[in-house]
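Chemist: structure-v2.cif is the file, holding mmCIF, C-alpha atoms:
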```
data_data
loop_
_atom_site.group_PDB
_atom_site.id
_atom_site.type_symbol
_atom_site.label_atom_id
_atom_site.label_comp_id
_atom_site.auth_asym_id
_atom_site.auth_seq_id
_atom_site.Cartn_x
_atom_site.Cartn_y
_atom_site.Cartn_z
ATOM 1 C CA MET A 633 13.235 -27.607 -3.868
ATOM 2 C CA ILE A 634 16.446 -26.404 -5.581
ATOM 3 C CA GLU A 635 19.711 -26.825 -3.709
ATOM 4 C CA ALA A 636 23.214 -26.371 -5.116
ATOM 5 C CA VAL A 637 26.305 -26.498 -2.920
ATOM 6 C CA GLY A 638 29.867 -25.688 -3.986
ATOM 7 C CA LEU A 639 29.376 -26.178 -7.729
ATOM 8 C CA CYS A 640 32.600 -25.917 -9.728
ATOM 9 C CA LYS A 641 33.023 -26.164 -13.491
ATOM 10 C CA ARG A 642 35.974 -25.489 -15.751
ATOM 11 C CA PHE A 643 35.696 -25.924 -19.520
ATOM 12 C CA PRO A 644 38.607 -27.219 -21.611
ATOM 13 C CA GLY A 645 40.560 -24.460 -23.269
ATOM 14 C CA SER A 646 39.301 -21.774 -20.867
ATOM 15 C CA ALA A 647 42.840 -20.775 -19.844
ATOM 16 C CA GLY A 648 42.235 -21.849 -16.277
ATOM 17 C CA VAL A 649 39.176 -19.635 -15.805
ATOM 18 C CA MET A 650 36.423 -21.211 -13.722
ATOM 19 C CA ALA A 651 32.950 -21.065 -15.282
ATOM 20 C CA LEU A 652 31.597 -21.820 -11.801
ATOM 21 C CA ASP A 653 33.664 -21.366 -8.683
ATOM 22 C CA SER A 654 32.134 -22.941 -5.543
ATOM 23 C CA LEU A 655 28.651 -21.638 -6.347
ATOM 24 C CA SER A 656 25.891 -22.306 -3.814
ATOM 25 C CA ILE A 657 22.255 -21.266 -4.369
ATOM 26 C CA SER A 658 18.853 -22.488 -3.206
ATOM 27 C CA ALA A 659 15.125 -21.930 -3.751
ATOM 28 C CA ARG A 660 12.209 -22.928 -1.542
ATOM 29 C CA GLU A 661 9.120 -24.636 -2.914
ATOM 30 C CA GLY A 662 6.627 -22.276 -4.551
ATOM 31 C CA THR A 663 9.075 -19.379 -4.900
ATOM 32 C CA VAL A 664 11.029 -17.716 -7.707
ATOM 33 C CA LEU A 665 14.820 -17.589 -7.591
ATOM 34 C CA GLY A 666 16.115 -14.928 -9.961
ATOM 35 C CA VAL A 667 19.674 -15.458 -11.172
ATOM 36 C CA LEU A 668 21.332 -12.269 -12.437
ATOM 37 C CA GLY A 669 24.768 -11.642 -13.818
ATOM 38 C CA PRO A 670 26.653 -10.177 -16.785
ATOM 39 C CA ASN A 671 27.283 -12.225 -19.908
ATOM 40 C CA GLY A 672 29.642 -15.081 -19.116
ATOM 41 C CA ALA A 673 28.881 -14.970 -15.388
ATOM 42 C CA GLY A 674 27.840 -18.642 -15.250
ATOM 43 C CA LYS A 675 24.042 -18.347 -15.331
ATOM 44 C CA THR A 676 23.469 -20.730 -18.234
ATOM 45 C CA THR A 677 26.113 -23.163 -16.957
ATOM 46 C CA THR A 678 24.300 -23.285 -13.630
ATOM 47 C CA ALA A 679 20.957 -23.947 -15.307
ATOM 48 C CA ARG A 680 22.453 -26.698 -17.489
ATOM 49 C CA ILE A 681 23.887 -28.469 -14.450
ATOM 50 C CA LEU A 682 20.619 -28.239 -12.534
ATOM 51 C CA THR A 683 18.654 -29.594 -15.507
ATOM 52 C CA THR A 684 21.090 -32.557 -15.886
ATOM 53 C CA LEU A 685 22.427 -31.362 -19.257
ATOM 54 C CA LEU A 686 25.937 -30.859 -17.895
ATOM 55 C CA ASP A 687 27.955 -32.424 -15.078
ATOM 56 C CA ALA A 688 29.714 -30.255 -12.522
ATOM 57 C CA ASP A 689 33.380 -30.991 -11.840
ATOM 58 C CA SER A 690 32.646 -30.933 -8.121
ATOM 59 C CA GLY A 691 29.959 -29.911 -5.675
ATOM 60 C CA SER A 692 26.438 -31.271 -5.337
ATOM 61 C CA ALA A 693 22.943 -30.296 -6.408
ATOM 62 C CA SER A 694 19.393 -31.556 -6.014
ATOM 63 C CA VAL A 695 16.156 -30.553 -7.705
ATOM 64 C CA ALA A 696 12.710 -31.573 -6.400
ATOM 65 C CA GLY A 697 14.506 -33.758 -3.856
ATOM 66 C CA PHE A 698 16.516 -35.715 -6.461
ATOM 67 C CA ASP A 699 20.280 -35.649 -6.970
ATOM 68 C CA VAL A 700 21.097 -34.236 -10.406
ATOM 69 C CA ARG A 701 24.006 -36.618 -10.902
ATOM 70 C CA THR A 702 22.689 -39.950 -9.559
ATOM 71 C CA GLN A 703 18.947 -39.440 -10.114
ATOM 72 C CA ALA A 704 18.949 -37.582 -13.433
ATOM 73 C CA HIS A 705 15.865 -39.382 -14.776
ATOM 74 C CA GLU A 706 13.797 -38.439 -11.726
ATOM 75 C CA VAL A 707 14.969 -34.826 -12.031
ATOM 76 C CA ARG A 708 13.956 -34.673 -15.698
ATOM 77 C CA THR A 709 10.466 -35.991 -14.989
ATOM 78 C CA SER A 710 10.022 -33.316 -12.306
ATOM 79 C CA ILE A 711 11.053 -30.229 -14.284
ATOM 80 C CA GLY A 712 10.020 -28.052 -17.210
ATOM 81 C CA VAL A 713 12.477 -25.955 -19.225
ATOM 82 C CA ALA A 714 11.913 -22.920 -21.453
ATOM 83 C CA GLY A 715 15.008 -21.409 -23.066
ATOM 84 C CA GLN A 716 15.974 -18.084 -24.598
ATOM 85 C CA SER A 717 14.329 -18.958 -27.913
ATOM 86 C CA ALA A 718 11.123 -20.835 -28.506
ATOM 87 C CA SER A 719 11.713 -24.576 -28.967
ATOM 88 C CA ILE A 720 8.424 -25.288 -30.727
ATOM 89 C CA ASP A 721 8.148 -26.874 -34.175
ATOM 90 C CA ASN A 722 7.040 -24.216 -36.668
ATOM 91 C CA ARG A 723 5.552 -26.863 -38.977
ATOM 92 C CA LEU A 724 3.062 -28.081 -36.361
ATOM 93 C CA THR A 725 -0.026 -26.389 -34.980
ATOM 94 C CA GLY A 726 -0.144 -25.185 -31.397
ATOM 95 C CA ARG A 727 -2.268 -28.186 -30.450
ATOM 96 C CA GLU A 728 0.088 -30.621 -32.214
ATOM 97 C CA ASN A 729 3.145 -29.120 -30.526
ATOM 98 C CA LEU A 730 1.705 -29.575 -27.048
ATOM 99 C CA THR A 731 0.299 -33.014 -27.800
ATOM 100 C CA LEU A 732 3.726 -34.130 -29.013
ATOM 101 C CA VAL A 733 5.360 -32.827 -25.834
ATOM 102 C CA GLY A 734 2.754 -34.674 -23.767
ATOM 103 C CA VAL A 735 3.461 -37.941 -25.555
ATOM 104 C CA LEU A 736 7.215 -37.476 -25.112
ATOM 105 C CA ARG A 737 6.611 -36.793 -21.414
ATOM 106 C CA GLY A 738 4.948 -40.195 -21.086
ATOM 107 C CA LEU A 739 1.293 -39.224 -21.277
ATOM 108 C CA GLY A 740 -0.896 -41.465 -23.378
ATOM 109 C CA ARG A 741 -2.039 -39.935 -26.655
ATOM 110 C CA LYS A 742 -5.583 -39.373 -25.389
ATOM 111 C CA GLN A 743 -4.341 -37.784 -22.172
ATOM 112 C CA ALA A 744 -1.774 -35.721 -24.094
ATOM 113 C CA LYS A 745 -4.509 -34.310 -26.352
ATOM 114 C CA ALA A 746 -6.662 -33.438 -23.364
ATOM 115 C CA ARG A 747 -3.739 -31.761 -21.573
ATOM 116 C CA ALA A 748 -2.853 -29.805 -24.724
ATOM 117 C CA LEU A 749 -6.395 -28.447 -24.991
ATOM 118 C CA GLU A 750 -6.474 -27.608 -21.277
ATOM 119 C CA ILE A 751 -3.245 -25.655 -21.320
ATOM 120 C CA LEU A 752 -4.025 -23.876 -24.617
ATOM 121 C CA GLU A 753 -7.211 -22.611 -23.017
ATOM 122 C CA SER A 754 -5.346 -21.621 -19.858
ATOM 123 C CA PHE A 755 -2.768 -19.648 -21.863
ATOM 124 C CA GLY A 756 -5.285 -17.843 -24.033
ATOM 125 C CA LEU A 757 -4.295 -19.735 -27.179
ATOM 126 C CA ALA A 758 -7.369 -21.936 -27.706
ATOM 127 C CA ASP A 759 -8.674 -19.841 -30.601
ATOM 128 C CA ARG A 760 -5.362 -20.352 -32.452
ATOM 129 C CA ALA A 761 -4.886 -23.998 -31.450
ATOM 130 C CA ASN A 762 -5.178 -25.283 -35.023
ATOM 131 C CA ASP A 763 -2.962 -22.606 -36.593
ATOM 132 C CA VAL A 764 0.551 -23.564 -37.665
ATOM 133 C CA ALA A 765 3.052 -22.160 -35.135
ATOM 134 C CA LYS A 766 5.059 -20.284 -37.774
ATOM 135 C CA HIS A 767 2.102 -17.901 -38.093
ATOM 136 C CA TYR A 768 2.127 -17.053 -34.367
ATOM 137 C CA SER A 769 3.387 -13.674 -33.169
ATOM 138 C CA GLY A 770 6.514 -13.511 -31.016
ATOM 139 C CA GLY A 771 4.465 -13.188 -27.846
ATOM 140 C CA MET A 772 2.254 -16.128 -28.787
ATOM 141 C CA ARG A 773 5.286 -18.296 -29.552
ATOM 142 C CA ARG A 774 6.763 -17.545 -26.141
ATOM 143 C CA ARG A 775 3.451 -18.390 -24.463
ATOM 144 C CA LEU A 776 3.327 -21.647 -26.396
ATOM 145 C CA ASP A 777 6.919 -22.401 -25.400
ATOM 146 C CA LEU A 778 6.079 -21.823 -21.723
ATOM 147 C CA ALA A 779 2.938 -23.927 -22.141
ATOM 148 C CA ALA A 780 5.073 -26.761 -23.534
ATOM 149 C CA ALA A 781 7.315 -26.587 -20.464
ATOM 150 C CA LEU A 782 4.236 -27.011 -18.256
ATOM 151 C CA VAL A 783 2.542 -29.882 -20.093
ATOM 152 C CA GLY A 784 3.999 -32.481 -17.741
ATOM 153 C CA HIS A 785 2.861 -30.702 -14.544
ATOM 154 C CA PRO A 786 6.454 -29.945 -13.444
ATOM 155 C CA ARG A 787 7.259 -29.201 -9.822
ATOM 156 C CA VAL A 788 10.212 -27.017 -10.871
ATOM 157 C CA LEU A 789 10.397 -24.704 -13.875
ATOM 158 C CA PHE A 790 13.637 -23.386 -15.386
ATOM 159 C CA LEU A 791 13.220 -20.203 -17.427
ATOM 160 C CA ASP A 792 16.272 -18.902 -19.283
ATOM 161 C CA GLU A 793 15.550 -15.279 -20.310
ATOM 162 C CA PRO A 794 11.952 -16.140 -21.255
ATOM 163 C CA THR A 795 10.847 -12.651 -22.343
ATOM 164 C CA THR A 796 13.849 -11.549 -24.398
ATOM 165 C CA GLY A 797 12.688 -9.625 -27.460
ATOM 166 C CA LEU A 798 9.052 -9.327 -26.404
ATOM 167 C CA ASP A 799 7.131 -6.065 -26.433
ATOM 168 C CA PRO A 800 5.996 -4.694 -23.028
ATOM 169 C CA THR A 801 2.437 -6.024 -23.377
ATOM 170 C CA SER A 802 3.545 -9.558 -24.243
ATOM 171 C CA ARG A 803 6.162 -9.453 -21.477
ATOM 172 C CA THR A 804 3.574 -8.473 -18.876
ATOM 173 C CA MET A 805 1.247 -11.234 -20.056
ATOM 174 C CA LEU A 806 4.017 -13.819 -19.677
ATOM 175 C CA TRP A 807 4.846 -12.495 -16.205
ATOM 176 C CA GLU A 808 1.237 -12.999 -15.163
ATOM 177 C CA LEU A 809 1.307 -16.591 -16.429
ATOM 178 C CA ILE A 810 4.487 -17.286 -14.462
ATOM 179 C CA GLU A 811 3.017 -15.723 -11.325
ATOM 180 C CA ARG A 812 -0.043 -17.925 -11.658
ATOM 181 C CA GLU A 813 2.067 -21.082 -11.822
ATOM 182 C CA VAL A 814 4.039 -20.022 -8.745
ATOM 183 C CA ALA A 815 0.776 -19.401 -6.884
ATOM 184 C CA HIS A 816 -0.069 -23.043 -7.654
ATOM 185 C CA GLY A 817 3.137 -24.203 -5.964
ATOM 186 C CA VAL A 818 5.609 -24.400 -8.863
ATOM 187 C CA THR A 819 9.193 -23.450 -8.026
ATOM 188 C CA VAL A 820 10.952 -21.312 -10.645
ATOM 189 C CA LEU A 821 14.592 -20.598 -11.416
ATOM 190 C CA LEU A 822 14.650 -17.532 -13.653
ATOM 191 C CA THR A 823 17.658 -16.139 -15.471
ATOM 192 C CA THR A 824 17.018 -12.761 -17.022
ATOM 193 C CA GLN A 825 18.670 -9.642 -18.401
ATOM 194 C CA TYR A 826 15.632 -7.549 -17.485
ATOM 195 C CA LEU A 827 16.130 -6.246 -13.947
ATOM 196 C CA GLU A 828 12.523 -5.050 -13.847
ATOM 197 C CA GLU A 829 11.520 -8.668 -14.489
ATOM 198 C CA ALA A 830 13.565 -9.959 -11.572
ATOM 199 C CA ASP A 831 12.275 -7.165 -9.344
ATOM 200 C CA ARG A 832 8.676 -8.151 -10.074
ATOM 201 C CA LEU A 833 8.906 -11.948 -10.106
ATOM 202 C CA ALA A 834 11.741 -13.019 -7.815
ATOM 203 C CA ASP A 835 11.336 -13.790 -4.128
ATOM 204 C CA THR A 836 15.110 -14.192 -3.880
ATOM 205 C CA ILE A 837 17.819 -12.940 -6.224
ATOM 206 C CA ALA A 838 21.255 -14.485 -6.618
ATOM 207 C CA VAL A 839 23.783 -12.180 -8.289
ATOM 208 C CA ILE A 840 26.573 -14.120 -10.006
ATOM 209 C CA ALA A 841 29.800 -12.728 -11.432
ATOM 210 C CA GLY A 842 32.872 -14.645 -12.522
ATOM 211 C CA GLY A 843 31.193 -17.929 -11.634
ATOM 212 C CA SER A 844 30.770 -16.986 -7.970
ATOM 213 C CA LEU A 845 27.865 -15.782 -5.891
ATOM 214 C CA VAL A 846 28.476 -12.128 -5.016
ATOM 215 C CA ALA A 847 25.155 -11.357 -3.315
ATOM 216 C CA GLU A 848 21.872 -13.026 -2.423
ATOM 217 C CA GLY A 849 18.635 -11.789 -0.892
ATOM 218 C CA SER A 850 15.221 -10.371 -1.649
ATOM 219 C CA PRO A 851 15.086 -7.399 -4.048
ATOM 220 C CA ALA A 852 14.467 -5.085 -1.074
ATOM 221 C CA GLU A 853 17.423 -6.515 0.871
ATOM 222 C CA LEU A 854 19.790 -6.095 -2.055
ATOM 223 C CA LYS A 855 18.683 -2.512 -2.614
ATOM 224 C CA ARG A 856 19.445 -1.729 1.032
ATOM 225 C CA GLN A 857 22.986 -3.030 0.537
ATOM 226 C CA VAL A 858 23.609 -0.361 -2.101
ATOM 227 C CA GLY A 859 22.362 2.536 -0.023
ATOM 228 C CA GLY A 860 19.407 4.132 1.674
ATOM 229 C CA GLU A 861 16.785 6.569 0.526
ATOM 230 C CA VAL A 862 17.612 9.984 -0.856
ATOM 231 C CA LEU A 863 15.571 13.184 -0.693
ATOM 232 C CA ARG A 864 15.575 15.065 -3.993
ATOM 233 C CA VAL A 865 14.304 18.643 -4.339
ATOM 234 C CA VAL A 866 14.214 20.994 -7.317
ATOM 235 C CA PRO A 867 13.225 24.520 -6.162
ATOM 236 C CA LYS A 868 10.681 26.247 -8.395
ATOM 237 C CA ASP A 869 12.727 29.448 -8.169
ATOM 238 C CA PRO A 870 16.390 28.704 -9.019
ATOM 239 C CA ASP A 871 17.400 31.730 -6.948
ATOM 240 C CA ARG A 872 16.229 29.892 -3.815
ATOM 241 C CA THR A 873 18.544 26.919 -4.404
ATOM 242 C CA ALA A 874 21.038 28.078 -1.755
ATOM 243 C CA ASP A 875 18.234 28.569 0.784
ATOM 244 C CA MET A 876 16.848 25.114 -0.005
ATOM 245 C CA ALA A 877 20.302 23.572 0.354
ATOM 246 C CA ALA A 878 20.695 25.201 3.759
ATOM 247 C CA ILE A 879 17.387 23.714 4.950
ATOM 248 C CA MET A 880 18.337 20.234 3.770
ATOM 249 C CA ALA A 881 21.768 20.479 5.379
ATOM 250 C CA THR A 882 20.314 21.627 8.706
ATOM 251 C CA VAL A 883 17.633 18.930 8.850
ATOM 252 C CA CYS A 884 19.641 16.027 7.428
ATOM 253 C CA GLY A 885 23.001 16.811 9.004
ATOM 254 C CA ARG A 886 24.976 16.945 5.769
ATOM 255 C CA ALA A 887 25.250 19.233 2.778
ATOM 256 C CA PRO A 888 23.203 18.103 -0.234
ATOM 257 C CA SER A 889 24.690 17.464 -3.663
ATOM 258 C CA ASN A 890 23.608 19.830 -6.397
ATOM 259 C CA GLY A 891 23.420 18.072 -9.762
ATOM 260 C CA LYS A 892 21.352 17.890 -12.927
ATOM 261 C CA GLN A 893 18.537 16.129 -11.063
ATOM 262 C CA GLY A 894 18.375 18.787 -8.363
ATOM 263 C CA LEU A 895 19.472 18.880 -4.721
ATOM 264 C CA THR A 896 19.926 15.420 -3.208
ATOM 265 C CA VAL A 897 20.810 14.297 0.299
ATOM 266 C CA ALA A 898 20.837 10.900 2.022
ATOM 267 C CA LEU A 899 18.153 10.308 4.640
ATOM 268 C CA THR A 900 18.647 8.580 7.968
ATOM 269 C CA SER A 901 15.090 8.975 9.272
ATOM 270 C CA THR A 902 12.907 9.149 6.204
ATOM 271 C CA ILE A 903 9.480 10.261 7.419
ATOM 272 C CA ALA A 904 10.698 12.590 10.161
ATOM 273 C CA GLN A 905 13.320 14.318 8.033
ATOM 274 C CA VAL A 906 11.063 14.708 5.002
ATOM 275 C CA ALA A 907 8.323 16.216 7.200
ATOM 276 C CA ARG A 908 10.766 18.666 8.795
ATOM 277 C CA VAL A 909 12.152 19.736 5.402
ATOM 278 C CA ALA A 910 8.617 20.277 4.091
ATOM 279 C CA ASP A 911 7.684 22.327 7.180
ATOM 280 C CA ARG A 912 10.762 24.530 6.767
ATOM 281 C CA MET A 913 9.913 25.057 3.095
ATOM 282 C CA VAL A 914 6.437 26.264 4.048
ATOM 283 C CA THR A 915 7.849 28.558 6.742
ATOM 284 C CA GLU A 916 10.406 30.081 4.373
ATOM 285 C CA ASN A 917 7.978 30.204 1.428
ATOM 286 C CA ILE A 918 9.985 27.961 -0.919
ATOM 287 C CA ASP A 919 7.982 26.153 -3.603
ATOM 288 C CA ALA A 920 9.268 22.973 -5.230
ATOM 289 C CA LEU A 921 9.137 22.015 -8.869
ATOM 290 C CA GLU A 922 10.023 18.466 -7.794
ATOM 291 C CA PHE A 923 10.036 16.975 -4.304
ATOM 292 C CA GLY A 924 10.439 13.255 -3.715
ATOM 293 C CA ILE A 925 12.271 10.289 -2.266
ATOM 294 C CA ASP A 926 14.540 8.301 -4.568
ATOM 295 C CA ARG A 927 15.287 4.675 -3.747
ATOM 296 C CA PRO A 928 18.053 2.488 -5.184
ATOM 297 C CA SER A 929 16.893 0.390 -8.121
ATOM 298 C CA LEU A 930 17.857 -3.162 -8.926
ATOM 299 C CA ASP A 931 19.915 -1.655 -11.747
ATOM 300 C CA ASP A 932 22.005 0.153 -9.106
ATOM 301 C CA VAL A 933 22.475 -3.120 -7.214
ATOM 302 C CA PHE A 934 23.456 -5.036 -10.335
ATOM 303 C CA HIS A 935 25.973 -2.508 -11.611
ATOM 304 C CA GLN A 936 27.612 -1.929 -8.239
ATOM 305 C CA LEU A 937 27.944 -5.605 -7.297
ATOM 306 C CA THR A 938 29.055 -6.909 -10.685
ATOM 307 C CA ALA A 939 31.433 -4.008 -11.349
ATOM 308 C CA HIS A 940 33.187 -4.656 -8.035
ATOM 309 C CA SER A 941 33.413 -8.389 -8.750
ATOM 310 C CA GLU A 942 34.754 -7.890 -12.278
ATOM 311 C CA GLN A 943 37.444 -5.526 -10.954
ATOM 312 C CA THR A 944 38.444 -8.129 -8.347
ATOM 313 C CA THR A 945 38.611 -10.827 -11.034
ATOM 314 C CA ARG A 946 40.806 -8.662 -13.301
ATOM 315 C CA GLU A 947 43.173 -7.973 -10.411
ATOM 316 C CA ALA A 948 43.376 -11.691 -9.601
ATOM 317 C CA VAL A 949 44.149 -12.589 -13.223
ATOM 318 C CA THR A 950 46.840 -9.868 -13.325
ATOM 319 C CA VAL A 951 48.485 -11.320 -10.209
ATOM 320 C CA ARG A 952 48.586 -14.789 -11.807
#
```
Just give me the structure as structure tokens.

Modeler:
Amino acid sequence: MIEAVGLCKRFPGSAGVMALDSLSISAREGTVLGVLGPNGAGKTTTARILTTLLDADSGSASVAGFDVRTQAHEVRTSIGVAGQSASIDNRLTGRENLTLVGVLRGLGRKQAKARALEILESFGLADRANDVAKHYSGGMRRRLDLAAALVGHPRVLFLDEPTTGLDPTSRTMLWELIEREVAHGVTVLLTTQYLEEADRLADTIAVIAGGSLVAEGSPAELKRQVGGEVLRVVPKDPDRTADMAAIMATVCGRAPSNGKQGLTVALTSTIAQVARVADRMVTENIDALEFGIDRPSLDDVFHQLTAHSEQTTREAVTVR
């Protein structure tokens, strides 16, 4: 549904730095592709090319089966776009905003009004349909903005940091609306600064740094790249720390680290090793204040992958 191969883009005056450097990404129908990267990584440039707002210098891309360069009109009729800030008209009511979008999307006025009412109801905004948008809360404005992107029944939805600035409740509500659209078969490309958001919504994550793809996979696959699971134990009696460390070293085959978060050691056989450590603790009468398995987070993935890429880029620029 989204396919980009070898996209390259260099902006004038960028001192030879590539905004995109042979970038290839893809998303299947009815899935969410999360695009992560630090500021300046090329996320927005990628989205602009895929939505026909910007031409790539080289490479190819298609959206909903249409070439973004030679079939731009067909691409535009197949997509919806919601940016970092709400694009609604504050002087119009919620109903008027959506009706206007429907008319601009080619719906007749009667059909546009009907679609506006339908989607306002679907997004929980029907009771505020006749209120001027400037009186909406931030969360309501973002819902209205997403609703506007969906007026034309798009097959592909581009969301550029859609929940930036929202409180946790409003963010969760917007996530649920996005998940509902995906369940109905809509394909989504999501750029976000919230790693929790990508972890929840994305089927596949593409990590971009310096205009290049540095990693791609499901959230679980990317977390495995960073490292495995870690057993963490904080003995209830600090005087038993050495005894606890000895148990962990014996069972896990390596000495644990002793830091502010307690004793930690990497696991190679999670269930078996955790069970054996727990049995030894019972035998030796060691109680734990904390006992658990820590897994890498998407934050760990992001920082490790992008830090490595940025260091490589700096070294390359130095060589030039």

Chemist: Could you tell me, as a ChimeraX atom specification, which residues have any atom at most 10 Å from (5.7, -20.4, -26.5), counting only C-alpha atoms?

Modeler: /A:714-715,717-720,726,729,755,765,768-781,794,806

Chemist: Keeping only C-alpha atoms, write the selected residues as a PDB file, keeping the file's coordinate frame.

Modeler:
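Just written: part-v8.pdb:
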```
ATOM      1  CA  ALA A 714      11.913 -22.920 -21.453  1.00  0.00           C
ATOM      2  CA  GLY A 715      15.008 -21.409 -23.066  1.00  0.00           C
ATOM      3  CA  SER A 717      14.329 -18.958 -27.913  1.00  0.00           C
ATOM      4  CA  ALA A 718      11.123 -20.835 -28.506  1.00  0.00           C
ATOM      5  CA  SER A 719      11.713 -24.576 -28.967  1.00  0.00           C
ATOM      6  CA  ILE A 720       8.424 -25.288 -30.727  1.00  0.00           C
ATOM      7  CA  GLY A 726      -0.144 -25.185 -31.397  1.00  0.00           C
ATOM      8  CA  ASN A 729       3.145 -29.120 -30.526  1.00  0.00           C
ATOM      9  CA  PHE A 755      -2.768 -19.648 -21.863  1.00  0.00           C
ATOM     10  CA  ALA A 765       3.052 -22.160 -35.135  1.00  0.00           C
ATOM     11  CA  TYR A 768       2.127 -17.053 -34.367  1.00  0.00           C
ATOM     12  CA  SER A 769       3.387 -13.674 -33.169  1.00  0.00           C
ATOM     13  CA  GLY A 770       6.514 -13.511 -31.016  1.00  0.00           C
ATOM     14  CA  GLY A 771       4.465 -13.188 -27.846  1.00  0.00           C
ATOM     15  CA  MET A 772       2.254 -16.128 -28.787  1.00  0.00           C
ATOM     16  CA  ARG A 773       5.286 -18.296 -29.552  1.00  0.00           C
ATOM     17  CA  ARG A 774       6.763 -17.545 -26.141  1.00  0.00           C
ATOM     18  CA  ARG A 775       3.451 -18.390 -24.463  1.00  0.00           C
ATOM     19  CA  LEU A 776       3.327 -21.647 -26.396  1.00  0.00           C
ATOM     20  CA  ASP A 777       6.919 -22.401 -25.400  1.00  0.00           C
ATOM     21  CA  LEU A 778       6.079 -21.823 -21.723  1.00  0.00           C
ATOM     22  CA  ALA A 779       2.938 -23.927 -22.141  1.00  0.00           C
ATOM     23  CA  ALA A 780       5.073 -26.761 -23.534  1.00  0.00           C
ATOM     24  CA  ALA A 781       7.315 -26.587 -20.464  1.00  0.00           C
ATOM     25  CA  PRO A 794      11.952 -16.140 -21.255  1.00  0.00           C
ATOM     26  CA  LEU A 806       4.017 -13.819 -19.677  1.00  0.00           C
TER      27      LEU A 806
END
```

Chemist: Which residues would end up in the selection if the PyMOL selection byres ((chain A and resi 877) around 12) were applied here, given that I need the answer as number ranges by chain?

Modeler: A: 863-867, 870-876, 878-891, 894-897, 909, 912-913, 918

Chemist: Have a look at CA of Pro644 (chain A) and CA of Arg701 (chain A) and let me know their distance in Å, one decimal.

Modeler: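 So the answer is 20.4 Å.
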
Chemist: Grab the CA of Leu899 (chain A) to CA of Ile925 (chain A) distance for me, in Å with one decimal place.

Modeler: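 Here the two named atoms are 9.1 Å from each other.
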
Chemist: Output the residue selection produced by the PyMOL selection byres ((chain A and resi 690) around 10) on the file above, formatted as an MDAnalysis selection string.

Modeler: chainID A and resid 637:642 652:654 687:689 691:693

Chemist: Give the padded box for region 801-815 of chain A as lines of an AutoDock Vina configuration file: axis-aligned, covering all atoms listed in the file, 5 Å on each side, centre and edge lengths in Å to one decimal.

Modeler:
```
center_x = 3.1
center_y = -13.6
center_z = -15.6
size_x = 16.2
size_y = 25.1
size_z = 27.4
```

Chemist: With all atoms listed in the file as the basis for distance, which of A:Lys855, A:Arg727, A:Arg708, A:Arg908 is at the shortest distance from Leu757 (chain A)?

Modeler: A:Arg727

Chemist: Here's the selection I'm unsure about, the PyMOL selection byres ((chain A and resi 844) around 7); applied to the file above, which residues does it give, as number ranges by chain?

Modeler: A: 652-655, 840-843, 845-846

Chemist: For a quick check of your reading of the model, name the residues lying within 10 Å of the coordinate (22.0, -30.2, -15.7), counting all atoms listed in the file, and write them as a VMD selection string.

Modeler: chain A and resid 676 to 688 693 695 700 to 701 704 707 to 708

Chemist: For C-alpha atoms, I'd like the residues from the last selection saved as a PDB file, in the coordinates of the input.

Modeler:
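Just written: again-v3.pdb:
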```
ATOM      1  CA  THR A 676      23.469 -20.730 -18.234  1.00  0.00           C
ATOM      2  CA  THR A 677      26.113 -23.163 -16.957  1.00  0.00           C
ATOM      3  CA  THR A 678      24.300 -23.285 -13.630  1.00  0.00           C
ATOM      4  CA  ALA A 679      20.957 -23.947 -15.307  1.00  0.00           C
ATOM      5  CA  ARG A 680      22.453 -26.698 -17.489  1.00  0.00           C
ATOM      6  CA  ILE A 681      23.887 -28.469 -14.450  1.00  0.00           C
ATOM      7  CA  LEU A 682      20.619 -28.239 -12.534  1.00  0.00           C
ATOM      8  CA  THR A 683      18.654 -29.594 -15.507  1.00  0.00           C
ATOM      9  CA  THR A 684      21.090 -32.557 -15.886  1.00  0.00           C
ATOM     10  CA  LEU A 685      22.427 -31.362 -19.257  1.00  0.00           C
ATOM     11  CA  LEU A 686      25.937 -30.859 -17.895  1.00  0.00           C
ATOM     12  CA  ASP A 687      27.955 -32.424 -15.078  1.00  0.00           C
ATOM     13  CA  ALA A 688      29.714 -30.255 -12.522  1.00  0.00           C
ATOM     14  CA  ALA A 693      22.943 -30.296  -6.408  1.00  0.00           C
ATOM     15  CA  VAL A 695      16.156 -30.553  -7.705  1.00  0.00           C
ATOM     16  CA  VAL A 700      21.097 -34.236 -10.406  1.00  0.00           C
ATOM     17  CA  ARG A 701      24.006 -36.618 -10.902  1.00  0.00           C
ATOM     18  CA  ALA A 704      18.949 -37.582 -13.433  1.00  0.00           C
ATOM     19  CA  VAL A 707      14.969 -34.826 -12.031  1.00  0.00           C
ATOM     20  CA  ARG A 708      13.956 -34.673 -15.698  1.00  0.00           C
TER      21      ARG A 708
END
```

Chemist: Which neighbours of region 828-833 of chain A fall inside 8 Å, counting all atoms listed in the file, when residues of the same chain fewer than 2 positions from it are skipped, and could you give them as a PyMOL selection string?

Modeler: chain A and resi 664+666+807+811+822+824+826+835+837+851+930

Chemist: What does the structure give for the distance between CA of Ala834 (chain A) and CA of Gln936 (chain A), in Å to one decimal?

Modeler: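 Between these atoms lies a distance of 19.4 Å.
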
Chemist: Quick one: residues within 6 Å of Val818 (chain A), all atoms listed in the file, excluding same-chain residues fewer than 6 positions away - as a list in words?

Modeler: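 Near neighbours after the sequence-gap exclusion: Gly662, Arg787 and Val788 of chain A.
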
Chemist: Give the answer as one residue: which of A:Thr804, A:Thr823, A:Gln857, A:Thr709 has the shortest atom-to-atom distance to Gly738 (chain A), using all atoms listed in the file?

Modeler: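 Between A:Thr804, A:Thr823, A:Gln857, A:Thr709, the residue approaching Gly738 (chain A) most closely is A:Thr709.
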